[in-house]
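Peer 1: Before I ask anything, here is the structure I am working with.
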Amino acid sequence: MILKTESTPYHLFGLEALQRRLSLSRSLEIDITGRLRIANAGINGERALQAIFNKYKLTFEHAIYHGLNLQSTGKFQIDNLFLSHQGAYIFEVKNIQGRISFSEKTNQLIRTLDNGQVDAFECPSVQLRRNHYLLQDWLHGRNLSIPIHTAVVFPNPRQIIENTRPDLRILFPNEVPSMLRESELNPPVIDSRTFSHIKNELLKGNIDFNPFPMCKRFQIDPVEIKSGVLCDICGTLGMQRIFRGWGCNVCKSISRTAHIQAITDWFMLVSDTMNNRQCREFLHVPKNYTASRLLDDLPLEPQGVNRGRYYHFPLERMV
Ligand SMILES: [Zn+2]
């Protein structure tokens with residue numbers, strides 16, 4: 001039973017907003033395209049495993065969590081956690097193209113592309129070990145102790161893996177259900193009461209990680225963020241406010257809602273608050289009244305009164 005579906009990919013949305021509003025040279029410097037590629041590959045890899053859990057119905061009692069964010073002796077994210085009467089299983093999906101080998105001397109994964117390009121990544125065993133300890137601490141904090149198993153899952157079953165590491169269990173998605181089914185043949189180590197307790201505590205303990213504002217994260221000066229309302233037809237920044245909407249001077253298209261993305265971009269990139277003046281400057285609207293109406297129409301949380309009024313955008317309402 002899937003108890004938690006994947007988290008909203010806020011980090012990916014933040015990168016897309018940076019791509020919309022940073023100069024090309026600055027985007028290249030921070031490697032926004034490369035970061036977007038990695039974020040998208042991660043999401044696609046996750047979905048390959050989620051598809052397996054949706055497809056294979058396991059007949060024994062279990063709970064599945066995707067994108068679990070927890071905090072014990074440190075904050076940690078477990079992309080896929082499986083809980084059964086045998087213990088917890090952490091599955092880390094690595095969507096990496098090319099031939100893969102593991103370094104014998106360092107904690108690195110080396111991949112070689114068909115064109116000969118060689119890249120090194122952190123070995124998944126490092127992250128799995130870290131998550132193992134942090135989950136163990138999280139359980140100890142609740143006076144619980146259960147077996148924790150870990151494995152890395154490579155989503156592409158045709159991937160060539162040249163060697164392995166003794167401390168790392170490697171699986172392809174199709175192997176996951178049979179591995180779980182086999183392990184379930186062993187006598188249970190968690191009783192029903194404890195199982196239910198852990199199941200609920202995991203859901204209660206989840207806190208969505210907020211990566212915003214991106215400027216702070218990447219040490220970008222907010223003046224580098226281009227202002228204006230973006231035309232989603234031709235991509236021009238700086239739509240003009242017209243009666244109850246926005247008009248693009250370049251492609252002549254009209255939108256009633258183009259400001260919503262612009263205001264959301266501000267919260268994702270620049271600051272966790274926005275006041276009337278900041279709204280006018282960012283959207284290029286001259287009138288206080290217009291900015292107030294646009295801000296009040298969105299599901300923001302206003303604070304303060306009159307000239308001291310400012311707004312928050314709660315994370316869960318942003319998408
Ligand atoms: Zn346009």
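Ligands are numbered from 1 in the order shown, residues from 1 within each chain, and chains are lettered A, B, ... in the order they appear in the structure tokens.
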Please identify the residues whose atoms come within 10 Å of ligand 1, using only C-alpha atoms and all ligand atoms, and report them as an mmCIF file with N, CA and C atoms, in the first residue's frame.
Peer 2:
```cif
data_model
loop_
_atom_site.group_PDB
_atom_site.id
_atom_site.type_symbol
_atom_site.label_atom_id
_atom_site.label_comp_id
_atom_site.auth_asym_id
_atom_site.auth_seq_id
_atom_site.Cartn_x
_atom_site.Cartn_y
_atom_site.Cartn_z
ATOM 1 N N LEU A 230 6.239 37.458 -17.747
ATOM 2 C CA LEU A 230 6.711 36.692 -18.907
ATOM 3 C C LEU A 230 5.542 36.260 -19.801
ATOM 4 N N CYS A 231 5.713 36.457 -21.124
ATOM 5 C CA CYS A 231 4.712 35.983 -22.073
ATOM 6 C C CYS A 231 4.967 34.495 -22.320
ATOM 7 N N ASP A 232 3.998 33.645 -21.994
ATOM 8 C CA ASP A 232 4.279 32.205 -22.161
ATOM 9 C C ASP A 232 4.071 31.736 -23.597
ATOM 10 N N ILE A 233 3.690 32.658 -24.496
ATOM 11 C CA ILE A 233 3.579 32.276 -25.908
ATOM 12 C C ILE A 233 4.932 32.460 -26.603
ATOM 13 N N CYS A 234 5.549 33.661 -26.435
ATOM 14 C CA CYS A 234 6.803 33.903 -27.156
ATOM 15 C C CYS A 234 8.011 34.019 -26.226
ATOM 16 N N GLY A 235 7.805 33.993 -24.913
ATOM 17 C CA GLY A 235 8.924 34.007 -23.979
ATOM 18 C C GLY A 235 9.504 35.384 -23.694
ATOM 19 N N THR A 236 8.820 36.464 -24.138
ATOM 20 C CA THR A 236 9.338 37.805 -23.879
ATOM 21 C C THR A 236 8.990 38.237 -22.449
ATOM 22 N N LEU A 237 9.959 38.844 -21.777
ATOM 23 C CA LEU A 237 9.712 39.372 -20.427
ATOM 24 C C LEU A 237 9.256 40.818 -20.554
ATOM 25 N N GLY A 238 8.229 41.202 -19.792
ATOM 26 C CA GLY A 238 7.798 42.598 -19.797
ATOM 27 C C GLY A 238 6.469 42.813 -20.465
ATOM 28 N N MET A 239 5.491 41.927 -20.174
ATOM 29 C CA MET A 239 4.142 42.151 -20.714
ATOM 30 C C MET A 239 3.591 43.425 -20.070
ATOM 31 N N GLY A 247 -0.749 42.279 -21.915
ATOM 32 C CA GLY A 247 -0.589 42.207 -23.364
ATOM 33 C C GLY A 247 0.887 42.138 -23.721
ATOM 34 N N CYS A 248 1.218 41.314 -24.729
ATOM 35 C CA CYS A 248 2.617 41.195 -25.153
ATOM 36 C C CYS A 248 2.840 42.089 -26.370
ATOM 37 N N ASN A 249 3.842 42.972 -26.259
ATOM 38 C CA ASN A 249 4.142 43.889 -27.358
ATOM 39 C C ASN A 249 4.770 43.176 -28.553
ATOM 40 N N VAL A 250 5.346 42.001 -28.312
ATOM 41 C CA VAL A 250 6.059 41.301 -29.380
ATOM 42 C C VAL A 250 5.112 40.417 -30.193
ATOM 43 N N CYS A 251 4.413 39.488 -29.519
ATOM 44 C CA CYS A 251 3.562 38.557 -30.281
ATOM 45 C C CYS A 251 2.090 38.945 -30.233
ATOM 46 N N LYS A 252 1.792 40.035 -29.502
ATOM 47 C CA LYS A 252 0.425 40.603 -29.426
ATOM 48 C C LYS A 252 -0.569 39.696 -28.706
ATOM 49 N N SER A 253 -0.076 38.654 -28.025
ATOM 50 C CA SER A 253 -1.027 37.794 -27.318
ATOM 51 C C SER A 253 -1.457 38.467 -26.005
ATOM 52 N N ILE A 254 -2.578 37.999 -25.491
ATOM 53 C CA ILE A 254 -3.149 38.573 -24.273
ATOM 54 C C ILE A 254 -3.334 37.455 -23.247
ATOM 55 N N SER A 255 -3.042 37.763 -21.982
ATOM 56 C CA SER A 255 -3.234 36.765 -20.920
ATOM 57 C C SER A 255 -3.908 37.442 -19.731
#
```
Peer 1: For stretch 77-89 of chain A, work out the shell of residues within 6 Å, counting only C-alpha atoms and skipping chain neighbours fewer than 2 positions away, then give it as a PyMOL selection string.
Peer 2: chain A and resi 62-69+91+146-150+188-190
Peer 1: Identify, on the basis of only C-alpha atoms, every residue whose closest approach to A:Leu28 does not exceed 10 Å; exclude the query and any residue fewer than 6 positions from it along the same chain; express the result as a ChimeraX atom specification.
Peer 2: /A:19,22,34
Peer 1: Please identify all polymer residues within 12 Å of A:Leu58, counting only C-alpha atoms, omitting same-chain residues fewer than 2 positions from it, and present them as a ChimeraX atom specification.
Peer 2: /A:1-2,52-56,60-64,82,84,176-182,184
Peer 1: Please measure the separation of atom CA of A:Leu70 and atom CA of A:Asp208, giving the value in Å to one decimal.
Peer 2: 8.6 Å
Peer 1: Name the closest residue to A:Ser27 among the candidates A:Tyr310, A:Phe218, A:Val285, A:Thr5; distances are taken between atoms, counting only C-alpha atoms.
Peer 2: A:Phe218
Peer 1: Using DSSP assignments from the backbone, pull out every residue in stretch 90-175 of chain A that falls under strand (DSSP E) and give it to me as a list in words.
Peer 2: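 Everything in stretch 90-175 of chain A that counts as strand (DSSP E) is Ile90, Phe91, Glu92, Val93, Arg99, Ile100, Ser101, Phe102, Gln108, Leu109, Ile110, Arg111, Thr112, Val118, Asp119, Ala120, Phe121, Glu122, Ile148, His149, Thr150, Ala151, Val152, Val153, Ile170 and Leu171 of chain A.
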Peer 1: Provide the atom CA of A:Pro9 to atom CA of A:Arg158 distance in Å, to one decimal place.
Peer 2: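 Taking atom CA of A:Pro9 and atom CA of A:Arg158, their separation equals 27.2 Å.
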